[in-house]
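The structure file final_21.txt is reproduced below (compact mmCIF, C-alpha atoms).
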```txt
# COMPACT_ATOMS: atom_id res chain seq x y z
CA MET A 1 -109.78 -54.68 39.19
CA SER A 2 -108.69 -55.32 35.64
CA TRP A 3 -112.29 -54.81 34.42
CA LEU A 4 -112.26 -51.43 36.11
CA PHE A 5 -109.19 -50.46 34.11
CA ILE A 6 -110.64 -51.86 30.90
CA ALA A 7 -113.72 -49.68 31.37
CA SER A 8 -111.72 -46.65 32.56
CA PRO A 9 -111.50 -44.86 29.17
CA LEU A 10 -115.28 -44.30 29.44
CA VAL A 11 -114.52 -41.90 32.28
CA TRP A 12 -112.91 -39.47 29.82
CA LEU A 13 -116.21 -39.17 27.97
CA ILE A 14 -117.53 -37.26 30.97
CA GLY A 15 -116.62 -33.65 30.19
CA PRO A 16 -116.16 -32.29 33.72
CA VAL A 17 -113.96 -35.26 34.75
CA ARG A 18 -111.85 -34.94 31.63
CA HIS A 19 -111.43 -31.18 32.11
CA ALA A 20 -110.55 -31.57 35.78
CA VAL A 21 -107.89 -34.20 35.11
CA GLU A 22 -106.45 -32.37 32.11
CA ALA A 23 -106.42 -29.05 33.96
CA SER A 24 -103.45 -30.22 36.01
CA MET A 25 -100.27 -31.17 34.24
CA PHE A 26 -99.49 -33.85 36.81
CA SER A 27 -102.80 -35.69 36.52
CA HIS A 28 -102.82 -35.22 32.75
CA MET A 29 -99.35 -36.63 32.13
CA VAL A 30 -98.68 -38.94 35.03
CA LEU A 31 -102.20 -40.26 35.58
CA GLN A 32 -104.31 -40.02 32.43
CA LEU A 33 -101.73 -40.97 29.80
CA PRO A 34 -100.51 -44.14 31.60
CA MET A 35 -104.11 -45.08 32.44
CA LEU A 36 -105.01 -44.99 28.74
CA VAL A 37 -102.09 -47.28 27.89
CA LEU A 38 -102.95 -49.62 30.74
CA ALA A 39 -106.62 -49.78 29.71
CA GLY A 40 -105.60 -50.67 26.17
CA LEU A 41 -103.06 -53.21 27.40
CA LEU A 42 -105.50 -55.05 29.66
CA THR A 43 -108.08 -55.10 26.85
CA GLY A 44 -105.57 -56.36 24.30
CA ARG A 45 -104.38 -59.10 26.63
CA ARG A 46 -107.82 -60.68 26.49
CA LEU A 47 -107.94 -60.82 22.72
CA ARG A 48 -107.86 -64.37 21.30
CA GLY A 49 -108.75 -65.97 17.99
CA PRO A 50 -108.31 -64.99 14.35
CA ILE A 51 -107.87 -61.25 14.94
CA ALA A 52 -105.15 -61.91 17.49
CA ASN A 53 -103.45 -64.22 14.98
CA ARG A 54 -103.67 -61.66 12.24
CA ILE A 55 -102.09 -59.04 14.53
CA ALA A 56 -99.40 -61.53 15.56
CA ALA A 57 -98.47 -61.96 11.89
CA ILE A 58 -97.36 -58.34 11.66
CA ASP A 59 -95.94 -58.23 15.16
CA ALA A 60 -93.27 -60.93 15.35
CA PHE A 61 -91.58 -60.99 18.78
CA GLY A 62 -93.79 -58.00 19.66
CA LEU A 63 -91.44 -55.74 17.71
CA THR A 64 -94.22 -53.62 16.18
CA SER A 65 -96.00 -53.11 19.48
CA VAL A 66 -92.76 -52.24 21.25
CA LEU A 67 -91.96 -49.68 18.58
CA MET A 68 -95.49 -48.32 18.67
CA ILE A 69 -95.69 -47.87 22.43
CA SER A 70 -92.22 -46.26 22.54
CA THR A 71 -92.88 -43.73 19.81
CA VAL A 72 -96.42 -42.88 20.92
CA SER A 73 -95.35 -42.32 24.54
CA LEU A 74 -92.47 -40.17 23.38
CA ALA A 75 -94.77 -38.06 21.21
CA TRP A 76 -97.12 -37.12 24.07
CA MET A 77 -94.22 -36.04 26.26
CA ILE A 78 -93.43 -33.20 23.86
CA PRO A 79 -94.67 -29.97 25.48
CA ALA A 80 -96.23 -28.65 22.26
CA ALA A 81 -98.17 -31.90 21.76
CA LEU A 82 -99.53 -31.80 25.31
CA ASP A 83 -100.56 -28.16 24.89
CA LEU A 84 -102.27 -28.86 21.59
CA THR A 85 -104.49 -31.54 23.14
CA LEU A 86 -106.02 -28.74 25.22
CA VAL A 87 -106.65 -26.30 22.39
CA SER A 88 -107.62 -28.74 19.65
CA SER A 89 -110.22 -31.50 20.02
CA PRO A 90 -108.91 -33.55 17.06
CA VAL A 91 -105.44 -33.60 18.63
CA ASN A 92 -106.95 -34.62 21.95
CA LEU A 93 -108.87 -37.43 20.25
CA LEU A 94 -105.64 -38.54 18.59
CA LYS A 95 -104.05 -38.70 22.03
CA TYR A 96 -106.77 -41.01 23.38
CA VAL A 97 -106.84 -43.24 20.32
CA SER A 98 -103.06 -43.52 19.90
CA LEU A 99 -102.26 -44.30 23.52
CA TRP A 100 -105.09 -46.79 23.93
CA SER A 101 -104.26 -48.53 20.63
CA ALA A 102 -100.56 -48.69 21.45
CA GLY A 103 -101.48 -50.26 24.79
CA PHE A 104 -103.92 -52.61 23.10
CA LEU A 105 -101.32 -53.79 20.59
CA LEU A 106 -98.81 -54.38 23.34
CA GLY A 107 -101.46 -56.33 25.25
CA THR A 108 -101.95 -58.71 22.34
CA ALA A 109 -98.17 -59.21 22.17
CA LEU A 110 -97.52 -59.76 25.87
CA ARG A 111 -97.37 -63.55 25.61
CA ARG A 112 -94.95 -63.36 22.70
CA LEU A 113 -92.50 -60.97 24.36
CA THR A 114 -89.19 -62.57 25.28
CA LEU A 115 -87.41 -61.22 28.31
CA GLY A 116 -84.86 -59.66 25.96
CA VAL A 117 -87.50 -57.68 24.03
CA GLU A 118 -89.24 -56.75 27.27
CA THR A 119 -85.96 -55.48 28.71
CA PHE A 120 -85.39 -53.44 25.58
CA LEU A 121 -88.90 -51.97 25.78
CA VAL A 122 -88.94 -51.16 29.47
CA GLY A 123 -85.35 -49.92 29.39
CA ASN A 124 -86.34 -47.58 26.59
CA LEU A 125 -89.38 -46.31 28.46
CA VAL A 126 -87.39 -45.80 31.67
CA TRP A 127 -84.74 -43.81 29.81
CA MET A 128 -87.36 -41.75 27.99
CA LEU A 129 -89.51 -40.99 31.05
CA ALA A 130 -86.47 -40.10 33.14
CA THR A 131 -85.05 -37.79 30.47
CA ALA A 132 -88.37 -36.03 29.97
CA GLY A 133 -88.83 -35.82 33.75
CA LEU A 134 -85.42 -34.22 34.22
CA LEU A 135 -86.04 -31.80 31.35
CA TYR A 136 -89.33 -30.71 32.93
CA ILE A 137 -87.69 -30.35 36.34
CA ASP A 138 -84.70 -28.38 35.04
CA ALA A 139 -86.56 -26.07 32.65
CA THR A 140 -86.29 -22.44 33.70
CA THR A 141 -89.33 -21.30 31.74
CA ARG A 142 -92.86 -22.60 31.33
CA LEU A 143 -92.77 -25.24 28.59
CA CYS A 144 -96.54 -25.63 28.36
CA VAL A 145 -98.65 -22.51 28.03
CA ASN A 146 -101.58 -24.28 29.69
CA TYR A 147 -99.76 -25.10 32.90
CA LEU A 148 -98.07 -23.22 35.69
CA PHE A 149 -94.34 -23.36 36.29
CA ASP A 150 -94.60 -25.17 39.63
CA GLU A 151 -96.79 -27.89 38.15
CA GLN A 152 -94.12 -28.55 35.57
CA ARG A 153 -91.61 -29.49 38.25
CA VAL A 154 -94.10 -31.71 40.06
CA SER A 155 -94.94 -33.45 36.79
CA GLY A 156 -91.24 -33.95 36.10
CA LEU A 157 -90.93 -35.64 39.48
CA GLY A 158 -93.98 -37.75 38.62
CA LEU A 159 -92.35 -38.90 35.38
CA LEU A 160 -89.20 -39.84 37.32
CA ALA A 161 -91.32 -41.85 39.75
CA LEU A 162 -92.99 -43.65 36.84
CA ALA A 163 -89.56 -44.43 35.40
CA ALA A 164 -88.41 -45.80 38.76
CA ALA A 165 -91.54 -47.95 39.10
CA LEU A 166 -91.10 -49.44 35.63
CA GLY A 167 -87.41 -50.07 36.33
CA LEU A 168 -88.21 -51.88 39.55
CA ARG A 169 -90.84 -53.98 37.80
CA LEU A 170 -88.30 -54.99 35.19
CA MET A 171 -85.85 -56.06 37.88
CA ALA A 172 -88.58 -58.12 39.50
CA ARG A 173 -89.18 -59.83 36.12
CA TRP A 174 -85.49 -60.65 35.84
CA HIS A 175 -85.55 -62.08 39.33
CA ASP A 176 -88.62 -64.19 38.54
CA SER A 177 -87.18 -65.54 35.31
CA SER A 178 -83.82 -66.47 36.85
CA HIS A 179 -85.77 -68.15 39.62
CA ALA A 180 -87.81 -70.07 37.04
CA VAL A 181 -84.64 -71.18 35.24
CA ARG A 182 -83.11 -72.39 38.50
CA SER A 183 -86.15 -74.34 39.56
CA ARG A 184 -86.32 -76.00 36.11
CA SER A 185 -82.68 -77.17 36.26
CA MET B 1 -88.72 -67.71 12.79
CA ASN B 2 -87.91 -67.53 9.11
CA GLU B 3 -87.49 -64.43 7.02
CA GLY B 4 -90.85 -64.83 5.34
CA ARG B 5 -92.66 -64.43 8.64
CA LEU B 6 -90.53 -61.54 9.82
CA LEU B 7 -91.02 -59.48 6.69
CA PRO B 8 -94.63 -58.31 7.41
CA THR B 9 -93.49 -57.18 10.86
CA LEU B 10 -90.57 -55.22 9.46
CA VAL B 11 -92.80 -53.57 6.87
CA THR B 12 -95.32 -52.63 9.57
CA CYS B 13 -92.54 -51.25 11.76
CA ALA B 14 -91.30 -49.14 8.85
CA ILE B 15 -94.83 -47.79 8.33
CA VAL B 16 -95.20 -46.98 12.05
CA VAL B 17 -91.85 -45.16 12.08
CA ALA B 18 -92.67 -43.24 8.91
CA LEU B 19 -96.07 -42.21 10.30
CA VAL B 20 -94.80 -41.09 13.69
CA VAL B 21 -91.74 -39.30 12.30
CA GLY B 22 -93.92 -37.62 9.68
CA LEU B 23 -96.49 -36.47 12.24
CA LEU B 24 -93.92 -35.27 14.76
CA GLY B 25 -91.87 -33.57 12.05
CA HIS B 26 -95.00 -31.76 10.94
CA LEU B 27 -95.95 -30.79 14.48
CA THR B 28 -92.48 -29.55 15.46
CA ARG B 29 -91.81 -27.85 12.11
CA GLY B 30 -89.04 -30.25 11.18
CA PHE B 31 -87.98 -31.09 14.77
CA GLU B 32 -87.17 -27.45 15.48
CA ARG B 33 -90.01 -26.15 17.67
CA TRP B 34 -90.94 -28.13 20.74
CA THR B 35 -93.24 -25.78 22.64
CA PHE B 36 -96.55 -24.14 21.79
CA GLU B 37 -95.04 -20.67 22.21
CA ASP B 38 -92.17 -21.52 19.82
CA LEU B 39 -94.70 -22.75 17.26
CA ARG B 40 -96.71 -19.57 17.66
CA ARG B 41 -93.68 -17.35 17.13
CA ASP B 42 -92.73 -19.45 14.13
CA GLN B 43 -96.21 -18.83 12.72
CA VAL B 44 -95.59 -15.10 13.15
CA ARG B 45 -92.29 -15.30 11.29
CA ARG B 46 -94.15 -16.92 8.41
CA GLY B 47 -96.87 -14.27 8.54
CA GLU B 48 -99.48 -16.96 9.25
CA LEU B 49 -100.88 -15.64 12.52
CA ARG B 50 -103.67 -13.13 12.08
CA VAL B 51 -106.65 -11.85 13.99
CA ALA B 52 -109.96 -10.77 12.58
CA SER B 53 -111.16 -7.22 12.95
CA THR B 54 -112.16 -6.84 16.59
CA SER B 55 -114.54 -4.58 18.47
CA LEU B 56 -113.31 -3.42 21.86
CA VAL B 57 -114.67 -1.06 24.49
CA ARG B 58 -112.36 1.70 25.69
CA ALA B 59 -111.95 2.60 29.35
CA ASP B 60 -114.22 5.61 28.78
CA GLY B 61 -116.94 3.36 27.38
CA ALA B 62 -116.47 4.35 23.73
CA PRO B 63 -116.30 1.59 21.13
CA LEU B 64 -112.98 0.94 19.42
CA LYS B 65 -112.50 -1.11 16.29
CA VAL B 66 -109.04 -2.55 15.78
CA PHE B 67 -107.25 -4.69 13.17
CA ASP B 68 -109.64 -3.36 10.57
CA ALA B 69 -107.78 -2.68 7.33
CA THR B 70 -110.67 -0.71 5.88
CA ALA B 71 -110.70 1.88 8.67
CA PRO B 72 -108.92 5.19 8.10
CA GLY B 73 -105.45 5.12 9.58
CA GLY B 74 -105.35 7.78 12.26
CA SER B 75 -103.88 11.18 11.55
CA THR B 76 -101.76 10.10 8.56
CA SER B 77 -102.69 8.26 5.43
CA ARG B 78 -100.66 5.28 6.56
CA PRO B 79 -102.55 2.37 8.11
CA THR B 80 -102.10 1.93 11.83
CA VAL B 81 -99.63 -0.52 13.33
CA TYR B 82 -100.74 -1.78 16.72
CA VAL B 83 -98.52 -2.63 19.67
CA VAL B 84 -100.68 -4.82 21.87
CA ASP B 85 -100.27 -6.33 25.32
CA PHE B 86 -102.72 -8.34 27.40
CA ILE B 87 -103.36 -7.28 30.96
CA TYR B 88 -105.74 -7.61 33.87
CA THR B 89 -105.94 -4.70 36.20
CA ARG B 90 -105.66 -6.60 39.50
CA CYS B 91 -102.29 -7.97 38.36
CA ALA B 92 -99.60 -6.84 40.76
CA SER B 93 -96.44 -7.79 38.90
CA ILE B 94 -95.90 -8.12 35.20
CA CYS B 95 -98.88 -6.03 34.01
CA GLN B 96 -97.65 -3.11 36.12
CA THR B 97 -94.18 -3.42 34.56
CA LEU B 98 -95.83 -3.53 31.15
CA GLY B 99 -97.78 -0.43 32.11
CA ALA B 100 -94.53 1.42 32.79
CA GLU B 101 -93.06 0.19 29.50
CA PHE B 102 -96.13 1.25 27.54
CA TYR B 103 -95.94 4.69 29.13
CA ARG B 104 -92.36 5.06 27.88
CA MET B 105 -93.43 3.98 24.40
CA GLN B 106 -96.30 6.48 24.51
CA GLU B 107 -93.92 9.30 25.40
CA GLU B 108 -91.49 8.36 22.62
CA LEU B 109 -94.32 8.33 20.09
CA ARG B 110 -95.51 11.69 21.40
CA ARG B 111 -92.04 13.20 20.96
CA GLU B 112 -91.84 11.88 17.42
CA GLY B 113 -95.37 12.98 16.62
CA ARG B 114 -96.16 9.56 15.14
CA GLY B 115 -99.85 8.91 14.67
CA ASP B 116 -99.56 5.63 12.83
CA VAL B 117 -98.45 3.50 15.78
CA ARG B 118 -101.11 2.80 18.41
CA LEU B 119 -100.55 1.17 21.75
CA ILE B 120 -103.41 -0.96 23.02
CA SER B 121 -103.63 -2.79 26.32
CA ILE B 122 -106.39 -5.37 26.16
CA SER B 123 -107.90 -6.93 29.27
CA ILE B 124 -107.96 -10.72 29.47
CA ASP B 125 -110.40 -10.56 32.37
CA PRO B 126 -113.43 -8.70 30.94
CA LEU B 127 -115.70 -9.96 33.72
CA ARG B 128 -113.79 -8.21 36.49
CA ASP B 129 -112.12 -5.42 34.53
CA THR B 130 -115.05 -3.03 34.54
CA MET B 131 -114.86 0.48 33.13
CA PRO B 132 -113.83 2.04 36.49
CA ALA B 133 -111.10 -0.61 36.91
CA LEU B 134 -109.76 0.12 33.43
CA GLN B 135 -109.90 3.86 34.10
CA ARG B 136 -107.89 3.38 37.31
CA TYR B 137 -105.26 1.40 35.40
CA ALA B 138 -105.15 4.08 32.70
CA ALA B 139 -104.79 6.85 35.29
CA LEU B 140 -102.14 4.95 37.25
CA HIS B 141 -99.97 4.55 34.16
CA ARG B 142 -100.92 7.88 32.57
CA ALA B 143 -102.30 6.39 29.36
CA ASP B 144 -103.43 9.29 27.19
CA GLY B 145 -106.25 7.35 25.52
CA GLU B 146 -105.06 8.48 22.12
CA ARG B 147 -101.63 6.96 21.51
CA TRP B 148 -102.21 4.41 24.23
CA THR B 149 -105.68 3.00 24.80
CA ILE B 150 -106.78 0.66 27.56
CA ALA B 151 -109.65 -1.48 26.31
CA THR B 152 -111.56 -4.66 26.90
CA PRO B 153 -113.47 -7.06 24.68
CA PRO B 154 -117.20 -6.53 25.25
CA SER B 155 -117.77 -10.03 26.62
CA PHE B 156 -116.06 -13.10 27.99
CA ASP B 157 -116.73 -14.96 24.73
CA ALA B 158 -115.28 -12.13 22.64
CA SER B 159 -112.20 -12.20 24.83
CA ARG B 160 -111.81 -15.96 24.43
CA GLN B 161 -112.23 -15.60 20.68
CA LEU B 162 -109.52 -12.94 20.40
CA THR B 163 -106.97 -14.67 22.64
CA GLY B 164 -107.81 -18.03 21.10
CA ARG B 165 -107.04 -16.73 17.60
CA LEU B 166 -103.76 -15.31 18.86
CA GLY B 167 -102.84 -18.41 20.86
CA VAL B 168 -102.61 -16.39 24.07
CA ILE B 169 -103.60 -18.70 26.91
CA ALA B 170 -104.31 -17.36 30.38
CA VAL B 171 -104.14 -19.88 33.21
CA PRO B 172 -105.54 -19.07 36.67
CA ASP B 173 -102.55 -18.87 39.01
CA GLY B 174 -104.46 -20.14 42.03
CA LEU B 175 -104.15 -16.77 43.76
CA GLY B 176 -106.99 -15.07 41.93
CA GLY B 177 -104.81 -13.89 39.07
CA PHE B 178 -103.57 -15.27 35.77
CA VAL B 179 -100.37 -16.43 34.16
CA HIS B 180 -100.24 -16.15 30.41
CA ASN B 181 -97.90 -16.52 27.47
CA GLY B 182 -97.26 -13.95 24.82
CA ALA B 183 -95.91 -10.59 25.76
CA ILE B 184 -95.91 -7.65 23.38
CA HIS B 185 -97.55 -8.23 20.00
CA VAL B 186 -96.94 -6.02 16.99
CA ILE B 187 -99.97 -6.31 14.71
CA ALA B 188 -100.44 -4.73 11.30
CA SER B 189 -103.64 -2.89 10.41
CA ASP B 190 -105.00 -5.94 8.60
CA GLY B 191 -104.65 -8.10 11.71
CA VAL B 192 -101.50 -9.94 10.64
CA VAL B 193 -99.23 -10.37 13.65
CA ILE B 194 -95.78 -9.27 12.53
CA GLY B 195 -93.87 -9.70 15.78
CA ILE B 196 -93.99 -11.04 19.32
CA HIS B 197 -91.52 -9.53 21.78
CA ASP B 198 -90.76 -10.59 25.32
CA TYR B 199 -91.83 -8.42 28.24
CA ASP B 200 -88.47 -6.70 28.57
CA GLN B 201 -88.13 -6.08 24.82
CA TRP B 202 -90.49 -3.13 24.44
CA GLU B 203 -87.81 -1.18 22.60
CA SER B 204 -87.52 -3.77 19.85
CA ALA B 205 -91.33 -3.95 19.67
CA LEU B 206 -91.53 -0.20 19.18
CA ARG B 207 -88.71 -0.26 16.65
CA GLN B 208 -90.51 -2.91 14.64
CA ALA B 209 -93.81 -1.01 14.75
CA ARG B 210 -92.09 2.19 13.60
CA CYS B 211 -90.23 0.45 10.79
CA HIS B 212 -93.23 -1.42 9.45
CA TRP B 213 -94.00 1.49 7.16
CA PRO B 214 -90.83 3.13 5.89
CA SER B 215 -90.82 6.76 6.92
CA PRO B 216 -92.27 9.18 5.98
CA LEU B 217 -94.73 7.58 3.52
CA PRO B 218 -94.95 4.07 2.11
CA LEU B 219 -92.94 3.74 -1.09
CA PRO B 220 -95.34 2.93 -3.89
CA GLN B 221 -92.91 0.57 -5.58
CA ALA B 222 -92.24 -1.52 -2.47
CA GLY B 223 -94.42 -4.61 -2.42
CA GLU B 224 -96.27 -5.77 0.67
CA GLY B 225 -94.01 -8.79 1.08
CA GLU B 226 -90.83 -6.73 0.91
CA ARG B 227 -92.06 -4.26 3.50
CA ARG B 228 -92.95 -7.13 5.80
CA ALA B 229 -89.62 -8.83 5.34
CA GLN B 230 -87.91 -5.54 6.11
CA ALA B 231 -89.92 -5.07 9.26
CA GLU B 232 -89.27 -8.60 10.34
CA ASP B 233 -85.52 -8.14 10.27
CA GLY B 234 -85.67 -6.60 13.69
CA ALA B 235 -88.27 -9.03 14.95
CA GLY B 236 -86.23 -12.11 15.73
CA ARG B 237 -87.05 -13.66 19.03
CA PRO B 238 -84.55 -12.51 21.65
CA GLN B 239 -82.81 -15.44 23.27
```
Give the structure from this file in structure tokens form.
Amino acid sequence: MSWLFIASPLVWLIGPVRHAVEASMFSHMVLQLPMLVLAGLLTGRRLRGPIANRIAAIDAFGLTSVLMISTVSLAWMIPAALDLTLVSSPVNLLKYVSLWSAGFLLGTALRRLTLGVETFLVGNLVWMLATAGLLYIDATTRLCVNYLFDEQRVSGLGLLALAAALGLRLMARWHDSSHAVRSRS
Amino acid sequence: MNEGRLLPTLVTCAIVVALVVGLLGHLTRGFERWTFEDLRRDQVRRGELRVASTSLVRADGAPLKVFDATAPGGSTSRPTVYVVDFIYTRCASICQTLGAEFYRMQEELRREGRGDVRLISISIDPLRDTMPALQRYAALHRADGERWTIATPPSFDASRQLTGRLGVIAVPDGLGGFVHNGAIHVIASDGVVIGIHDYDQWESALRQARCHWPSPLPLPQAGEGERRAQAEDGAGRPQ
């Protein structure tokens, strides 16, 4: 399963698949963007050795990767940025590279993340996704010129669902860690 | 972890923040414009949006060259100012409203006897908007073909090129029609877009087109920039 995700960015090299997924705002934002991050993350998690150490030197506590993933995700939720990926190939390439790299960096840092930093990261993402989702749902005009008004609402709901899923996952992590502490004592 | 090991991380974080803030600031014009349409209208305010000279085909089949600064400017010596909308003839809603608005503009221009403002409705669906379809649209809305011309780019590619340059993006609405941004464009004879007005703002579009050249003849001492700035006073985006 994880190998499938690691190889998944290759799918976007196939023009018709890429166009089909990017033609809908929901699959573009709620499916493709998270898949790119996840592919990078699962790849980065496997990285060992000197390169991993060199990355770790500039990513104490995973602070750099947390910052990177937060800012990059935020950037691609801006309506103008999403629109530009569809009218400009360099911008689209930047989208693929930035999201995958941010995921990759986070993957290399996963083992170094304390629960505190992880809570900060996921809390941030939940807040950001939920805010963007609500903005897309509440907007009274089309925010992206490439997408229809109805799609915008559905995508907003999708972002809210993503936020909820991440929030639940974080709670599960808290539960696990308190369980681990109890069983140690 | 001591300070010496944290420092490279902090420096990297600072670089990441600077990069992202710089890029986003550039994209959103200083965190002011968040949508594509806002950016496009901002480009217009700066006089940065322009289209190349374009060949169209009129509803009667005759060729029509627009946004060509070298062409003679209609009945007066002043270059033409174009008021342009994008339509497709099967459209049941907004294009029909636009048709009614363009008719009112045509009649106002006729009353004033202005030959330097031309209304052009350009099809965004050149494959299905054949000459008979365009003629029906023209007849339905009583376009006189002189002050107001219904036209289409000669091919699908030409259409994509024109709308692409303008940043007008038509999305299939799933019902056989289109939804698109960009309502009424006011374009100077040299192809520089000087104003974009919402669908219900045809009066401000017409006002801007009329004022682009101060009546009755351009003042020789007024520079190009000044005239533009003057015309743009009335071109702010209605909220």
With all atoms listed in the file considered, list every residue of chain A at most 7 Å from chain B, as an mmCIF file with C-alpha atoms, in the frame of the given file.
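Okay, this is what ended up in result08.cif:
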```cif
data_model
loop_
_atom_site.group_PDB
_atom_site.id
_atom_site.type_symbol
_atom_site.label_atom_id
_atom_site.label_comp_id
_atom_site.auth_asym_id
_atom_site.auth_seq_id
_atom_site.Cartn_x
_atom_site.Cartn_y
_atom_site.Cartn_z
ATOM 1 C CA ALA A 57 -98.470 -61.960 11.890
ATOM 2 C CA ILE A 58 -97.360 -58.340 11.660
ATOM 3 C CA ASP A 59 -95.940 -58.230 15.160
ATOM 4 C CA ALA A 60 -93.270 -60.930 15.350
ATOM 5 C CA THR A 64 -94.220 -53.620 16.180
ATOM 6 C CA MET A 68 -95.490 -48.320 18.670
ATOM 7 C CA THR A 71 -92.880 -43.730 19.810
ATOM 8 C CA ILE A 78 -93.430 -33.200 23.860
ATOM 9 C CA PRO A 79 -94.670 -29.970 25.480
ATOM 10 C CA ALA A 80 -96.230 -28.650 22.260
ATOM 11 C CA ASP A 83 -100.560 -28.160 24.890
ATOM 12 C CA LEU A 143 -92.770 -25.240 28.590
ATOM 13 C CA CYS A 144 -96.540 -25.630 28.360
ATOM 14 C CA VAL A 145 -98.650 -22.510 28.030
ATOM 15 C CA ASN A 146 -101.580 -24.280 29.690
ATOM 16 C CA TYR A 147 -99.760 -25.100 32.900
#
```
Would you mind listing what lies within 7 Å of B:Ser53 as a PyMOL selection string, with only C-alpha atoms counted and same-chain residues fewer than 4 positions away left out? chain B and resi 66-68+191
Report as a list in words all protein, DNA and RNA residues lying within 8 Å of A:Trp100, evaluated on all atoms listed in the file, omitting residues in the same chain fewer than 6 positions from it.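 Returned residues: Leu36, Val37, Leu38, Ala39, Gly40 and Leu41 of chain A.
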Quick one: everything within 12 Å of B:Asp60, counting only C-alpha atoms, minus sequence neighbours fewer than 5 positions away in the same chain. Send it as JSON, numbers by chain. {"B": [130, 131, 132, 133, 134, 135, 136, 137, 138, 139, 143, 144, 145, 146, 149, 150, 151, 152]}
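Comparing the minimum interatomic distances between B:Ser159 and each of B:Arg207, B:Arg114, B:Asp85, B:Ser55, counting only C-alpha atoms, we find that B:Ser55 sits nearest.
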Can you work out the spacing between atom CA of A:Leu170 and atom CA of A:Leu42 in Å, to one decimal?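 Pair atom CA of A:Leu170 / atom CA of A:Leu42 returns 18.1 Å.
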Exercise: stretch 14-23 of chain A partners within 8 Å, only C-alpha atoms, chain neighbours under 5 positions left out, as a ChimeraX atom specification: /A:28,32,86,147
Repair of stretch 102-106 of chain A at the level of all heavy atoms, as a short mmCIF file (atom, residue, chain, number, x, y, z; two decimals), keeping the file's coordinate frame:
```
data_model
loop_
_atom_site.label_atom_id
_atom_site.label_comp_id
_atom_site.auth_asym_id
_atom_site.auth_seq_id
_atom_site.Cartn_x
_atom_site.Cartn_y
_atom_site.Cartn_z
N ALA A 102 -101.92 -48.20 21.20
CA ALA A 102 -100.56 -48.69 21.45
C ALA A 102 -100.56 -49.68 22.62
O ALA A 102 -99.92 -50.72 22.57
CB ALA A 102 -99.63 -47.51 21.75
N GLY A 103 -101.35 -49.34 23.65
CA GLY A 103 -101.48 -50.26 24.79
C GLY A 103 -102.14 -51.57 24.37
O GLY A 103 -101.69 -52.66 24.74
N PHE A 104 -103.18 -51.44 23.57
CA PHE A 104 -103.92 -52.61 23.10
C PHE A 104 -102.99 -53.56 22.32
O PHE A 104 -102.94 -54.76 22.57
CB PHE A 104 -105.07 -52.16 22.20
CG PHE A 104 -105.91 -53.28 21.65
CD1 PHE A 104 -106.97 -53.80 22.39
CD2 PHE A 104 -105.64 -53.81 20.40
CE1 PHE A 104 -107.74 -54.84 21.89
CE2 PHE A 104 -106.41 -54.86 19.89
CZ PHE A 104 -107.46 -55.37 20.63
N LEU A 105 -102.23 -52.99 21.41
CA LEU A 105 -101.32 -53.79 20.59
C LEU A 105 -100.30 -54.50 21.47
O LEU A 105 -100.03 -55.69 21.29
CB LEU A 105 -100.61 -52.86 19.59
CG LEU A 105 -99.94 -53.52 18.41
CD1 LEU A 105 -100.95 -54.22 17.54
CD2 LEU A 105 -99.19 -52.48 17.58
N LEU A 106 -99.78 -53.78 22.43
CA LEU A 106 -98.81 -54.38 23.34
C LEU A 106 -99.46 -55.51 24.14
O LEU A 106 -98.83 -56.56 24.37
CB LEU A 106 -98.24 -53.31 24.28
CG LEU A 106 -97.12 -53.78 25.21
CD1 LEU A 106 -95.89 -54.18 24.41
CD2 LEU A 106 -96.76 -52.70 26.23
#
```
